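Next comes input_7.cif, with mmCIF, C-alpha atoms.
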```cif
data_run
loop_
_atom_site.label_atom_id
_atom_site.label_comp_id
_atom_site.auth_asym_id
_atom_site.auth_seq_id
_atom_site.Cartn_x
_atom_site.Cartn_y
_atom_site.Cartn_z
CA MET A 1 0.00 0.00 0.00
CA VAL A 2 1.43 3.34 -1.02
CA VAL A 3 1.16 6.10 1.55
CA GLU A 4 0.39 9.50 0.05
CA THR A 5 -0.45 12.65 1.99
CA ARG A 6 -2.48 15.39 0.41
CA ARG A 7 -1.73 19.01 1.06
CA SER A 8 -5.21 19.38 2.39
CA GLY A 9 -4.35 16.86 5.08
CA GLY A 10 -2.47 19.53 6.95
CA ARG A 11 1.14 20.33 7.68
CA GLY A 12 1.23 17.88 10.59
CA GLY A 13 0.80 14.82 8.37
CA THR A 14 3.56 15.93 6.03
CA GLU A 15 5.95 16.63 8.91
CA LEU A 16 5.22 13.18 10.38
CA VAL A 17 5.96 11.40 7.10
CA ARG A 18 9.18 13.39 6.69
CA LYS A 19 10.32 12.49 10.20
CA VAL A 20 9.53 8.80 9.66
CA VAL A 21 11.34 8.59 6.31
CA LEU A 22 14.39 10.63 7.34
CA GLY A 23 14.49 9.16 10.85
CA ILE A 24 14.46 5.56 9.65
CA GLY A 25 16.91 6.38 6.87
CA TYR A 26 19.55 7.88 9.12
CA TRP A 27 18.81 5.37 11.89
CA VAL A 28 19.53 2.49 9.53
CA GLN A 29 22.77 4.11 8.35
CA GLY A 30 23.74 4.55 12.01
CA LEU A 31 23.25 0.85 12.67
CA ARG A 32 25.86 0.05 10.04
CA CYS A 33 28.54 0.52 12.69
CA PHE A 34 27.53 -2.81 14.28
CA PRO A 35 28.04 -5.10 11.24
CA TRP A 36 31.23 -3.17 10.51
CA MET A 37 32.48 -3.96 14.02
CA THR A 38 31.68 -7.64 13.42
CA VAL A 39 33.60 -7.53 10.13
CA SER A 40 36.59 -5.99 11.91
CA PHE A 41 36.66 -8.88 14.39
CA PHE A 42 36.27 -11.38 11.54
CA LEU A 43 39.19 -9.85 9.67
CA LYS A 44 41.38 -9.76 12.79
CA ASP A 45 40.54 -13.16 14.25
CA GLY A 46 39.29 -15.09 11.22
CA LEU A 47 41.54 -13.87 8.41
CA LYS A 48 44.43 -12.82 10.71
CA VAL A 49 45.06 -9.40 9.13
CA ASP A 50 47.37 -6.91 10.87
CA PRO A 51 46.33 -3.37 11.97
CA SER A 52 47.63 -1.69 8.80
CA ALA A 53 45.89 -4.18 6.49
CA LEU A 54 42.66 -3.79 8.46
CA GLN A 55 42.74 -0.01 8.17
CA ILE A 56 43.64 -0.12 4.46
CA LEU A 57 40.72 -2.47 3.79
CA GLN A 58 38.30 -0.34 5.80
CA ASN A 59 39.30 2.83 3.96
CA SER A 60 39.39 1.21 0.52
CA ALA A 61 35.83 0.02 1.04
CA ASN A 62 34.81 3.69 1.26
CA LEU A 63 35.75 4.35 -2.38
CA PRO A 64 32.08 4.29 -3.57
CA MET A 65 31.49 7.25 -1.25
CA VAL A 66 33.79 9.38 -3.40
CA ALA A 67 31.39 9.07 -6.35
CA LYS A 68 28.55 10.70 -4.41
CA PRO A 69 28.38 13.77 -6.71
CA LEU A 70 27.47 11.44 -9.57
CA TYR A 71 24.66 9.90 -7.54
CA GLY A 72 23.50 13.39 -6.55
CA VAL A 73 23.47 14.64 -10.15
CA VAL A 74 21.56 11.55 -11.28
CA SER A 75 18.96 11.88 -8.50
CA ASP A 76 18.52 15.58 -9.27
CA ALA A 77 18.18 14.99 -13.01
CA PHE A 78 16.35 11.66 -13.42
CA TYR A 79 12.89 11.05 -12.00
CA ILE A 80 11.53 7.54 -11.51
CA ARG A 81 7.74 7.53 -11.84
CA GLY A 82 7.65 11.19 -10.86
CA GLN A 83 9.99 10.76 -7.88
CA HIS A 84 13.69 11.54 -7.57
CA ARG A 85 14.55 10.86 -3.92
CA LEU A 86 12.71 7.87 -2.43
CA PRO A 87 13.39 5.43 -5.32
CA TYR A 88 17.13 6.00 -4.87
CA ILE A 89 16.86 5.48 -1.11
CA ALA A 90 15.04 2.19 -1.79
CA LEU A 91 17.75 1.11 -4.26
CA GLY A 92 20.52 1.93 -1.78
CA ALA A 93 18.77 0.05 1.04
CA PHE A 94 18.30 -2.99 -1.23
CA LEU A 95 22.02 -3.10 -2.15
CA GLN A 96 23.00 -2.87 1.52
CA ALA A 97 20.61 -5.62 2.54
CA VAL A 98 21.90 -7.95 -0.18
CA SER A 99 25.57 -7.36 0.67
CA TRP A 100 25.23 -7.78 4.45
CA LEU A 101 23.06 -10.90 4.06
CA ALA A 102 25.67 -12.36 1.70
CA ILE A 103 28.44 -11.75 4.25
CA ALA A 104 26.34 -13.23 7.08
CA ILE A 105 25.19 -16.32 5.17
CA LEU A 106 28.19 -17.13 2.97
CA SER A 107 30.97 -16.14 5.46
CA PRO A 108 33.58 -15.49 2.75
CA SER A 109 37.09 -16.77 3.56
CA SER A 110 38.80 -14.55 0.99
CA ILE A 111 39.72 -10.91 1.59
CA THR A 112 38.92 -10.20 -2.07
CA ILE A 113 35.37 -11.58 -1.82
CA ILE A 114 34.55 -9.78 1.43
CA SER A 115 36.00 -6.58 -0.06
CA ILE A 116 33.55 -6.84 -2.97
CA TYR A 117 30.61 -7.23 -0.58
CA LEU A 118 31.81 -4.26 1.50
CA LEU A 119 32.14 -2.13 -1.63
CA LEU A 120 28.59 -3.10 -2.63
CA SER A 121 27.31 -2.20 0.84
CA ASN A 122 28.98 1.20 0.75
CA LEU A 123 27.67 1.80 -2.77
CA GLY A 124 24.14 1.27 -1.47
CA ALA A 125 24.83 3.43 1.59
CA SER A 126 26.20 6.21 -0.64
CA ILE A 127 23.13 6.26 -2.88
CA ALA A 128 20.74 6.25 0.11
CA GLU A 129 22.67 8.93 2.00
CA VAL A 130 22.79 11.22 -1.04
CA ALA A 131 19.01 11.08 -1.42
CA ASN A 132 18.47 11.51 2.34
CA ASP A 133 20.82 14.49 2.49
CA ALA A 134 19.14 16.05 -0.55
CA ILE A 135 15.77 15.82 1.21
CA VAL A 136 17.31 17.49 4.28
CA ALA A 137 18.72 20.27 2.09
CA GLU A 138 15.39 20.81 0.33
CA VAL A 139 13.40 20.78 3.55
CA GLY A 140 16.03 23.01 5.18
CA LYS A 141 15.06 25.80 2.78
CA GLN A 142 11.50 25.78 4.09
CA PRO A 143 10.78 28.09 7.02
CA ALA A 144 9.30 25.77 9.62
CA SER A 145 11.35 22.68 8.97
CA SER A 146 13.81 20.97 11.27
CA SER A 147 15.99 18.02 10.36
CA LYS A 148 18.57 16.08 12.28
CA LYS A 149 21.58 14.11 11.28
CA THR A 150 21.83 10.62 12.77
CA ARG A 151 22.91 7.81 10.37
CA SER A 152 20.36 2.71 8.20
CA PRO A 153 18.37 -2.40 9.31
CA SER A 154 18.46 -1.88 5.49
CA SER A 155 15.47 -4.09 4.79
CA VAL A 156 13.35 -1.86 7.06
CA GLN A 157 14.41 1.23 5.12
CA PHE A 158 13.67 -0.52 1.82
CA LEU A 159 10.13 -1.47 2.92
CA VAL A 160 9.38 2.03 4.21
CA THR A 161 10.60 3.84 1.11
CA ILE A 162 8.70 1.63 -1.33
CA SER A 163 5.48 2.14 0.67
CA VAL A 164 5.66 5.95 0.78
CA HIS A 165 5.11 8.17 -2.24
CA GLU A 166 7.41 11.17 -2.53
CA SER A 167 4.48 13.55 -2.77
CA ALA A 168 3.84 12.80 0.91
CA LEU A 169 7.05 14.68 1.75
CA ASP A 170 5.83 17.92 0.14
CA LEU A 171 9.28 18.70 -1.24
CA PRO A 172 9.90 21.90 -3.22
CA LYS A 173 9.22 21.44 -6.93
CA THR A 174 11.95 22.33 -9.40
CA VAL A 175 10.95 24.26 -12.49
CA THR A 176 12.37 21.75 -14.96
CA LYS A 177 13.75 18.26 -14.89
CA ALA A 178 17.19 19.17 -16.15
CA GLY A 179 19.56 16.68 -17.69
CA ILE A 180 22.91 15.61 -16.29
CA ARG A 181 24.83 18.21 -18.31
CA LYS A 182 22.67 21.02 -16.89
CA GLN A 183 23.01 19.65 -13.35
CA LEU A 184 26.79 19.46 -13.70
CA SER A 185 26.83 23.03 -14.99
CA ASP A 186 24.76 24.19 -12.00
CA LEU A 187 27.04 22.30 -9.60
CA LEU A 188 30.18 23.85 -11.10
CA SER A 189 28.59 27.30 -10.89
CA ALA A 190 27.83 26.75 -7.22
CA LEU A 191 31.37 25.52 -6.52
CA LYS A 192 32.82 28.67 -8.09
CA ARG A 193 31.31 30.78 -5.33
CA PRO A 194 34.05 31.52 -2.76
CA GLU A 195 31.73 31.15 0.22
CA ILE A 196 30.90 27.59 -0.86
CA ALA A 197 34.28 26.51 -2.24
CA ASN A 198 36.38 27.80 0.66
CA SER A 199 34.07 26.26 3.25
CA ILE A 200 34.21 22.85 1.55
CA ILE A 201 38.00 23.03 1.25
CA TRP A 202 38.31 23.76 4.98
CA LEU A 203 35.97 20.94 5.98
CA ALA A 204 37.72 18.37 3.78
CA ALA A 205 41.17 19.51 4.94
CA SER A 206 40.07 19.36 8.59
CA TYR A 207 39.59 15.60 8.11
CA ALA A 208 42.39 14.85 5.64
CA VAL A 209 45.24 16.29 7.74
CA ILE A 210 44.42 14.02 10.71
CA PRO A 211 46.20 10.64 10.45
CA ALA A 212 43.50 8.23 11.63
CA LEU A 213 44.63 5.42 13.94
CA THR A 214 41.32 3.54 14.09
CA GLY A 215 42.78 0.17 13.10
CA THR A 216 45.64 0.56 15.57
CA MET A 217 43.31 1.55 18.43
CA PHE A 218 41.02 -1.39 17.60
CA PHE A 219 43.94 -3.80 17.92
CA TYR A 220 45.20 -2.03 21.05
CA GLN A 221 41.83 -2.36 22.77
CA THR A 222 41.09 -5.94 21.69
CA GLN A 223 44.57 -7.50 21.38
CA TYR A 224 46.51 -5.70 24.11
CA LEU A 225 43.85 -4.69 26.65
CA LYS A 226 41.63 -7.71 25.88
CA ILE A 227 38.51 -5.54 25.90
CA ASP A 228 35.42 -7.74 25.49
CA THR A 229 33.33 -7.57 22.34
CA SER A 230 30.25 -6.55 24.34
CA VAL A 231 32.10 -3.51 25.70
CA LEU A 232 32.91 -2.32 22.18
CA GLY A 233 29.27 -2.88 21.23
CA ILE A 234 28.11 -0.76 24.16
CA SER A 235 30.64 1.87 23.10
CA LYS A 236 29.03 2.00 19.64
CA VAL A 237 25.59 2.39 21.24
CA PHE A 238 26.88 5.17 23.48
CA GLY A 239 28.39 6.92 20.47
CA GLN A 240 25.16 6.74 18.46
CA ALA A 241 23.23 8.04 21.47
CA ALA A 242 25.70 10.94 21.67
CA MET A 243 25.13 11.63 17.96
CA LEU A 244 21.36 11.70 18.48
CA LEU A 245 21.74 13.97 21.50
CA TRP A 246 23.98 16.26 19.46
CA GLY A 247 21.29 16.58 16.80
CA MET A 248 18.71 17.54 19.41
CA VAL A 249 21.00 20.03 21.18
CA TYR A 250 22.03 21.65 17.90
CA ASN A 251 18.46 21.92 16.67
CA ARG A 252 17.22 23.53 19.89
CA HIS A 253 20.13 25.62 21.12
CA LEU A 254 22.99 25.96 18.62
CA LYS A 255 21.40 26.84 15.29
CA SER A 256 21.99 30.54 15.95
CA VAL A 257 25.70 30.03 16.72
CA PRO A 258 27.92 31.14 13.80
CA PRO A 259 29.11 28.04 11.92
CA ARG A 260 32.76 29.13 12.03
CA LYS A 261 32.72 29.40 15.80
CA LEU A 262 30.82 26.12 16.26
CA MET A 263 32.95 24.01 13.90
CA SER A 264 36.17 25.45 15.32
CA ALA A 265 34.99 24.50 18.81
CA ILE A 266 34.24 20.95 17.65
CA GLN A 267 37.70 20.69 16.07
CA ALA A 268 39.32 21.83 19.32
CA MET A 269 37.20 19.35 21.28
CA MET A 270 38.41 16.54 19.00
CA ALA A 271 42.00 17.44 19.89
CA LEU A 272 41.11 17.46 23.59
CA PHE A 273 39.63 13.96 23.38
CA MET A 274 42.78 12.78 21.57
CA VAL A 275 44.90 14.14 24.43
CA SER A 276 42.69 12.05 26.69
CA ASP A 277 43.54 9.03 24.52
CA ILE A 278 47.25 9.66 25.17
CA LEU A 279 46.61 9.58 28.92
CA PHE A 280 44.55 6.42 28.44
CA VAL A 281 47.32 4.62 26.54
CA LYS A 282 49.89 5.69 29.13
CA GLY A 283 47.73 4.17 31.86
CA VAL A 284 47.03 7.43 33.71
CA TYR A 285 43.30 6.75 34.05
CA LYS A 286 43.91 3.21 35.28
CA THR A 287 46.12 4.53 38.09
CA MET A 288 43.25 6.88 38.99
CA GLY A 289 40.93 3.88 39.33
CA VAL A 290 39.06 4.27 36.03
CA PRO A 291 38.59 0.86 34.38
CA ASP A 292 39.73 0.55 30.75
CA SER A 293 36.30 -0.74 29.74
CA LEU A 294 34.57 2.36 31.17
CA TYR A 295 36.91 4.67 29.25
CA VAL A 296 36.33 2.74 26.02
CA VAL A 297 32.55 2.93 26.41
CA ILE A 298 32.38 6.66 27.14
CA PHE A 299 35.38 8.45 25.67
CA SER A 300 36.16 6.17 22.73
CA GLY A 301 32.47 5.98 21.83
CA VAL A 302 32.09 9.76 21.85
CA LEU A 303 35.37 10.43 20.00
CA GLU A 304 34.34 8.10 17.19
CA VAL A 305 31.21 10.14 16.44
CA LEU A 306 32.70 13.51 17.43
CA PHE A 307 34.47 13.50 14.07
CA PHE A 308 31.08 13.81 12.39
CA PHE A 309 29.58 16.51 14.60
CA LYS A 310 30.81 19.15 12.15
CA ILE A 311 28.72 17.69 9.34
CA LEU A 312 25.38 18.82 10.80
CA PRO A 313 26.12 22.58 11.06
CA PHE A 314 28.02 22.41 7.78
CA SER A 315 25.05 20.79 6.01
CA VAL A 316 22.80 23.54 7.33
CA LEU A 317 25.29 26.15 6.07
CA MET A 318 25.39 24.54 2.62
CA ALA A 319 21.59 24.36 2.51
CA GLN A 320 21.45 28.10 3.11
CA LEU A 321 24.04 28.84 0.42
CA CYS A 322 22.94 26.22 -2.11
CA PRO A 323 21.15 27.50 -5.25
CA PRO A 324 17.71 25.96 -5.87
CA GLY A 325 17.59 22.76 -7.91
CA CYS A 326 21.04 21.33 -7.21
CA GLU A 327 20.71 20.54 -3.50
CA GLY A 328 21.38 16.85 -4.08
CA SER A 329 24.41 17.54 -6.26
CA LEU A 330 26.05 20.02 -3.87
CA ILE A 331 25.41 18.05 -0.67
CA ALA A 332 26.63 14.92 -2.45
CA PHE A 333 29.81 16.74 -3.47
CA VAL A 334 30.37 17.77 0.15
CA MET A 335 29.92 14.19 1.36
CA SER A 336 32.21 12.97 -1.42
CA ALA A 337 34.90 15.43 -0.34
CA ILE A 338 34.54 14.19 3.25
CA ALA A 339 34.77 10.55 2.10
CA LEU A 340 37.92 11.24 0.10
CA ALA A 341 39.40 13.17 3.01
CA LEU A 342 38.71 10.27 5.39
CA ILE A 343 40.36 7.83 2.97
CA ILE A 344 43.44 10.07 2.85
CA SER A 345 43.30 10.30 6.65
CA GLY A 346 43.21 6.51 6.92
CA PHE A 347 46.23 6.00 4.69
CA LEU A 348 48.13 8.73 6.54
CA GLY A 349 47.32 6.85 9.74
CA VAL A 350 48.81 3.65 8.31
CA ALA A 351 51.99 5.57 7.41
CA LEU A 352 52.11 7.18 10.87
CA ALA A 353 51.66 3.86 12.68
CA SER A 354 54.45 2.35 10.60
CA SER A 355 56.79 5.32 11.20
CA VAL A 356 56.39 5.18 15.01
CA GLY A 357 56.84 1.42 15.03
CA VAL A 358 53.34 0.31 16.03
CA THR A 359 52.43 -3.27 15.09
CA GLY A 360 49.82 -5.80 16.15
CA ASP A 361 52.00 -6.83 19.11
CA ASP A 362 54.06 -3.70 19.87
CA PHE A 363 52.21 -0.52 20.92
CA SER A 364 55.11 1.30 22.57
CA GLY A 365 55.07 4.02 19.89
CA LEU A 366 51.31 4.64 20.14
CA PRO A 367 51.55 7.64 22.57
CA LEU A 368 53.90 9.41 20.12
CA GLY A 369 51.54 8.64 17.24
CA LEU A 370 48.59 10.06 19.17
CA THR A 371 50.60 13.20 20.03
CA ILE A 372 51.29 13.80 16.33
CA GLN A 373 47.59 13.23 15.68
CA VAL A 374 46.66 15.95 18.20
CA VAL A 375 49.01 18.47 16.54
CA CYS A 376 47.55 17.68 13.10
CA THR A 377 44.00 18.09 14.46
CA LEU A 378 44.79 21.63 15.65
CA LEU A 379 46.23 22.77 12.29
CA PRO A 380 42.85 23.54 10.58
CA LEU A 381 42.03 26.03 13.33
CA PHE A 382 44.59 28.41 11.82
CA ARG A 383 42.52 28.58 8.63
CA SER A 384 39.04 28.66 10.16
CA SER A 385 38.45 32.03 8.44
CA TRP A 386 37.73 30.02 5.28
CA ILE A 387 34.40 28.94 6.79
CA HIS A 388 31.64 31.23 5.56
CA ASP A 389 30.10 32.89 8.58
CA ASP A 390 27.35 35.14 7.22
CA THR A 391 24.24 32.96 7.36
CA ARG A 392 21.86 35.88 7.12
CA SER A 393 22.14 36.14 3.33
CA LYS A 394 19.75 34.17 1.18
CA PRO A 395 21.05 31.69 -1.41
CA ARG A 396 21.36 33.24 -4.81
CA SER A 397 19.61 31.88 -7.86
CA LYS A 398 21.40 29.76 -10.43
CA GLU A 399 21.54 32.59 -12.94
CA GLU A 400 23.53 34.87 -10.62
#
```
Encoded form using C-alpha cells:
Amino acid sequence: MVVETRRSGGRGGTELVRKVVLGIGYWVQGLRCFPWMTVSFFLKDGLKVDPSALQILQNSANLPMVAKPLYGVVSDAFYIRGQHRLPYIALGAFLQAVSWLAIAILSPSSITIISIYLLLSNLGASIAEVANDAIVAEVGKQPASSSKKTRSPSSVQFLVTISVHESALDLPKTVTKAGIRKQLSDLLSALKRPEIANSIIWLAASYAVIPALTGTMFFYQTQYLKIDTSVLGISKVFGQAAMLLWGMVYNRHLKSVPPRKLMSAIQAMMALFMVSDILFVKGVYKTMGVPDSLYVVIFSGVLEVLFFFKILPFSVLMAQLCPPGCEGSLIAFVMSAIALALIISGFLGVALASSVGVTGDDFSGLPLGLTIQVVCTLLPLFRSSWIHDDTRSKPRSKEE
C-alpha cells in the first residue's frame, strides 16, 4: 500500500511522514557501525590481518562514497515515476541488505570476496545517503522545517521507502527536470562561489590532515587490553546516542551560533579527546581507578562520532548557500569530499603507525603517534576564516 499525503491533510501529516522517512533512513545508516564492528573482528581473528591491512581495507571500502556527486546529479536529473529521492533510497537500502546478508550467510574466507561485498554495501549506503541528504537540504530551505543528522536495518528502510510516495514529503518542486549536463553546470557554478568553495576546502582539509589510527586503536583495545566484544558494542551504542543527543541540542540551542565558531569549537574538542587518549594509553586513568572498559565505552564511543559533529552545522550552512535545484548535487559533493578526506586520513594513519613502530603486538610508539595526531588536528584552526560565517544572506539563484 502506497502512503500519500495530500496538502489538504495539513502540515502535521507531512511533517510526520518526513520524520519517519528521514528518521528511519539515518537510523539504519547509524546501525551500520555494528556489522562493521563484526567484520573488523572477523578480519582480525578469522583472516588474521594486521592493523595496517585492516585499516587499508576499511578505507578502501569507502571508495564508492567518493562518487557521491554522480549519484547526486543523477537523482537531481532523473525522475523515476515522478519521484527523484525515495526510489534512490530504496535502491541503496536494497544493495546494503543484499551485501550484508551475503556476508552473514556465505561467510567469505577470501579478503577479495569480502571486499567486494563491503564495496557493494557502501555503494548502497552512498546512494541512500545522497538522497536523504538532498531531502534534508530541500526541507532546510522551508521556514518551519527541522531536520537532524543521525545515520540505516536496510530491509526496514527498503520497505518504508517503497510504501511511501514522494508527494507525501511535500518537497519543493523544481521548475524543470534538467539533464545531467545542466546539473553538472549548475554544480560547477555553485562551486565557483568563494563562500561555498572555501568552506568545503576547509571541511575536507580538517579531516584529511588528521592521520587516523582507528585500526591501531582497535587492535590495542582488543589484542593488548583484551577488551570484550560486548564492551565495544556498548561503546558503539553510546556513540550513536551521543550523535542523536547532538542533533537535538544543535536543533534547539545551537542553530543561531555562527558556523565558524561552532565548527572550530568541535575541532578543538576533537583534539582534547585525543589528548585524553594519550593519557589512556599511558595508563594514567587506570592509576586513577578508572577501568579501561569504562573509558572505552564513554570516551572512545564519543570520540568516534565527534568526528562527524561538524557535518550537521556544515550541512545547514550549505543548505542556506545552495542555489535551488542542485541541493542533491552540492550536498553529495560535500559528502564525497569528506569521504575522500577520510580515505586520505586513513592511509596517513597507516603511514604514521608504521613510522612510530606500532604493530599488532608492539604498541610502545602509540603515545607518540597520538601526540602527532593531536598536533595535526589543531592545524585547521589556523585557517578557520575560510568557513563562511554570514548565514543571514539568502542563497542566490542559479543565474547569478
Using only C-alpha atoms, can you list as an mmCIF file with C-alpha atoms, keeping the file's coordinate frame the residues within 12 Å of (28.6, -13.7, 6.5)?
```
data_model
loop_
_atom_site.group_PDB
_atom_site.id
_atom_site.type_symbol
_atom_site.label_atom_id
_atom_site.label_comp_id
_atom_site.auth_asym_id
_atom_site.auth_seq_id
_atom_site.Cartn_x
_atom_site.Cartn_y
_atom_site.Cartn_z
ATOM 1 C CA PRO A 35 28.040 -5.100 11.240
ATOM 2 C CA TRP A 36 31.230 -3.170 10.510
ATOM 3 C CA THR A 38 31.680 -7.640 13.420
ATOM 4 C CA VAL A 39 33.600 -7.530 10.130
ATOM 5 C CA PHE A 42 36.270 -11.380 11.540
ATOM 6 C CA LEU A 43 39.190 -9.850 9.670
ATOM 7 C CA GLY A 46 39.290 -15.090 11.220
ATOM 8 C CA VAL A 98 21.900 -7.950 -0.180
ATOM 9 C CA SER A 99 25.570 -7.360 0.670
ATOM 10 C CA TRP A 100 25.230 -7.780 4.450
ATOM 11 C CA LEU A 101 23.060 -10.900 4.060
ATOM 12 C CA ALA A 102 25.670 -12.360 1.700
ATOM 13 C CA ILE A 103 28.440 -11.750 4.250
ATOM 14 C CA ALA A 104 26.340 -13.230 7.080
ATOM 15 C CA ILE A 105 25.190 -16.320 5.170
ATOM 16 C CA LEU A 106 28.190 -17.130 2.970
ATOM 17 C CA SER A 107 30.970 -16.140 5.460
ATOM 18 C CA PRO A 108 33.580 -15.490 2.750
ATOM 19 C CA SER A 109 37.090 -16.770 3.560
ATOM 20 C CA SER A 110 38.800 -14.550 0.990
ATOM 21 C CA ILE A 113 35.370 -11.580 -1.820
ATOM 22 C CA ILE A 114 34.550 -9.780 1.430
ATOM 23 C CA TYR A 117 30.610 -7.230 -0.580
ATOM 24 C CA LEU A 118 31.810 -4.260 1.500
#
```
(request) Pick out the closest residue to Leu379 in chain A from this set: A:Ala242, A:Ala271, A:Met217, A:Val74. Count all atoms listed in the file. (result)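 Result for the nearest residue to Leu379 in chain A: A:Ala271.
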Evaluate the PyMOL selection byres ((chain A and resi 202-207) around 8) and record the selected residues as a PDB file with C-alpha atoms, keeping the file's coordinate frame, following the chain and residue labels used in the document.
```
ATOM      1  CA  ASN A 198      36.380  27.800   0.660  1.00  0.00           C
ATOM      2  CA  SER A 199      34.070  26.260   3.250  1.00  0.00           C
ATOM      3  CA  ILE A 200      34.210  22.850   1.550  1.00  0.00           C
ATOM      4  CA  ILE A 201      38.000  23.030   1.250  1.00  0.00           C
ATOM      5  CA  ALA A 208      42.390  14.850   5.640  1.00  0.00           C
ATOM      6  CA  VAL A 209      45.240  16.290   7.740  1.00  0.00           C
ATOM      7  CA  ILE A 210      44.420  14.020  10.710  1.00  0.00           C
ATOM      8  CA  GLN A 267      37.700  20.690  16.070  1.00  0.00           C
ATOM      9  CA  ALA A 337      34.900  15.430  -0.340  1.00  0.00           C
ATOM     10  CA  ILE A 338      34.540  14.190   3.250  1.00  0.00           C
ATOM     11  CA  ALA A 341      39.400  13.170   3.010  1.00  0.00           C
ATOM     12  CA  LEU A 342      38.710  10.270   5.390  1.00  0.00           C
ATOM     13  CA  SER A 345      43.300  10.300   6.650  1.00  0.00           C
ATOM     14  CA  THR A 377      44.000  18.090  14.460  1.00  0.00           C
ATOM     15  CA  LEU A 379      46.230  22.770  12.290  1.00  0.00           C
ATOM     16  CA  PRO A 380      42.850  23.540  10.580  1.00  0.00           C
ATOM     17  CA  ARG A 383      42.520  28.580   8.630  1.00  0.00           C
ATOM     18  CA  SER A 384      39.040  28.660  10.160  1.00  0.00           C
ATOM     19  CA  TRP A 386      37.730  30.020   5.280  1.00  0.00           C
ATOM     20  CA  ILE A 387      34.400  28.940   6.790  1.00  0.00           C
TER      21      ILE A 387
END
```
(request) Kindly give the distance, in Å, that separates CA of Tyr224 in chain A and CA of Ala61 in chain A, rounded to a single decimal. (result)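 Taking CA of Tyr224 in chain A as the start and CA of Ala61 in chain A as the end point, the length is 26.1 Å.
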Written as a short mmCIF file (atom, residue, chain, number, x, y, z; two decimals) with C-alpha atoms, keeping the file's coordinate frame, what is the full residue list that the PyMOL selection byres ((chain A and resi 306-313) around 10) yields on the file shown?
```cif
data_model
loop_
_atom_site.label_atom_id
_atom_site.label_comp_id
_atom_site.auth_asym_id
_atom_site.auth_seq_id
_atom_site.Cartn_x
_atom_site.Cartn_y
_atom_site.Cartn_z
CA SER A 147 15.99 18.02 10.36
CA LYS A 148 18.57 16.08 12.28
CA LYS A 149 21.58 14.11 11.28
CA THR A 150 21.83 10.62 12.77
CA LEU A 203 35.97 20.94 5.98
CA SER A 206 40.07 19.36 8.59
CA TYR A 207 39.59 15.60 8.11
CA GLY A 239 28.39 6.92 20.47
CA ALA A 242 25.70 10.94 21.67
CA MET A 243 25.13 11.63 17.96
CA TRP A 246 23.98 16.26 19.46
CA GLY A 247 21.29 16.58 16.80
CA TYR A 250 22.03 21.65 17.90
CA ASN A 251 18.46 21.92 16.67
CA LEU A 254 22.99 25.96 18.62
CA LYS A 255 21.40 26.84 15.29
CA VAL A 257 25.70 30.03 16.72
CA PRO A 258 27.92 31.14 13.80
CA PRO A 259 29.11 28.04 11.92
CA ARG A 260 32.76 29.13 12.03
CA LEU A 262 30.82 26.12 16.26
CA MET A 263 32.95 24.01 13.90
CA SER A 264 36.17 25.45 15.32
CA ALA A 265 34.99 24.50 18.81
CA ILE A 266 34.24 20.95 17.65
CA GLN A 267 37.70 20.69 16.07
CA MET A 269 37.20 19.35 21.28
CA MET A 270 38.41 16.54 19.00
CA PHE A 273 39.63 13.96 23.38
CA SER A 300 36.16 6.17 22.73
CA GLY A 301 32.47 5.98 21.83
CA VAL A 302 32.09 9.76 21.85
CA LEU A 303 35.37 10.43 20.00
CA GLU A 304 34.34 8.10 17.19
CA VAL A 305 31.21 10.14 16.44
CA PHE A 314 28.02 22.41 7.78
CA SER A 315 25.05 20.79 6.01
CA VAL A 316 22.80 23.54 7.33
CA LEU A 317 25.29 26.15 6.07
CA MET A 318 25.39 24.54 2.62
CA ALA A 319 21.59 24.36 2.51
CA VAL A 334 30.37 17.77 0.15
CA MET A 335 29.92 14.19 1.36
CA ILE A 338 34.54 14.19 3.25
#
```
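Counting all atoms listed in the file and comparing A:Ala93, A:Ala212, A:Val297, A:Val375, the residue that lies closest to Leu348 in chain A is A:Ala212.
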(request) Have a look at CA of Val237 in chain A and CA of Ile278 in chain A and let me know their distance in Å, one decimal. (result)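 Result for CA of Val237 in chain A versus CA of Ile278 in chain A: 23.2 Å, one decimal.
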(request) Rank nothing, just name the residue among A:Thr229, A:Asn59, A:Thr112, A:Ser235 nearest to Leu294 in chain A, using only C-alpha atoms. (result)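 Looking only at the distances to Leu294 in chain A, the closest residue turns out to be A:Ser235.
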(request) Starting from the shown file, work through the PyMOL selection byres ((chain A and resi 331) around 8) and note down what comes out as number ranges by chain. (result) A: 69, 72, 130, 133-134, 137, 315, 318, 327-330, 332-335
(message) To one decimal place in Å, what is the distance between CA of Asn62 in chain A and CA of Gln183 in chain A?
(response)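 About the pair CA of Asn62 in chain A and CA of Gln183 in chain A: they are 24.6 Å apart.
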(request) Select, from A:Val73, A:Leu47, A:Leu378, A:Ala67, the residue with the minimum atom-to-atom distance to Cys326 in chain A, counting only C-alpha atoms. (result)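 Closest candidate: A:Val73.
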(message) Given all atoms listed in the file as the basis, pick out the residue of A:Leu213, A:Ala197, A:Leu244, A:Val296 nearest to Phe363 in chain A.
(response)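 Smallest separation from Phe363 in chain A among the options: A:Leu213.
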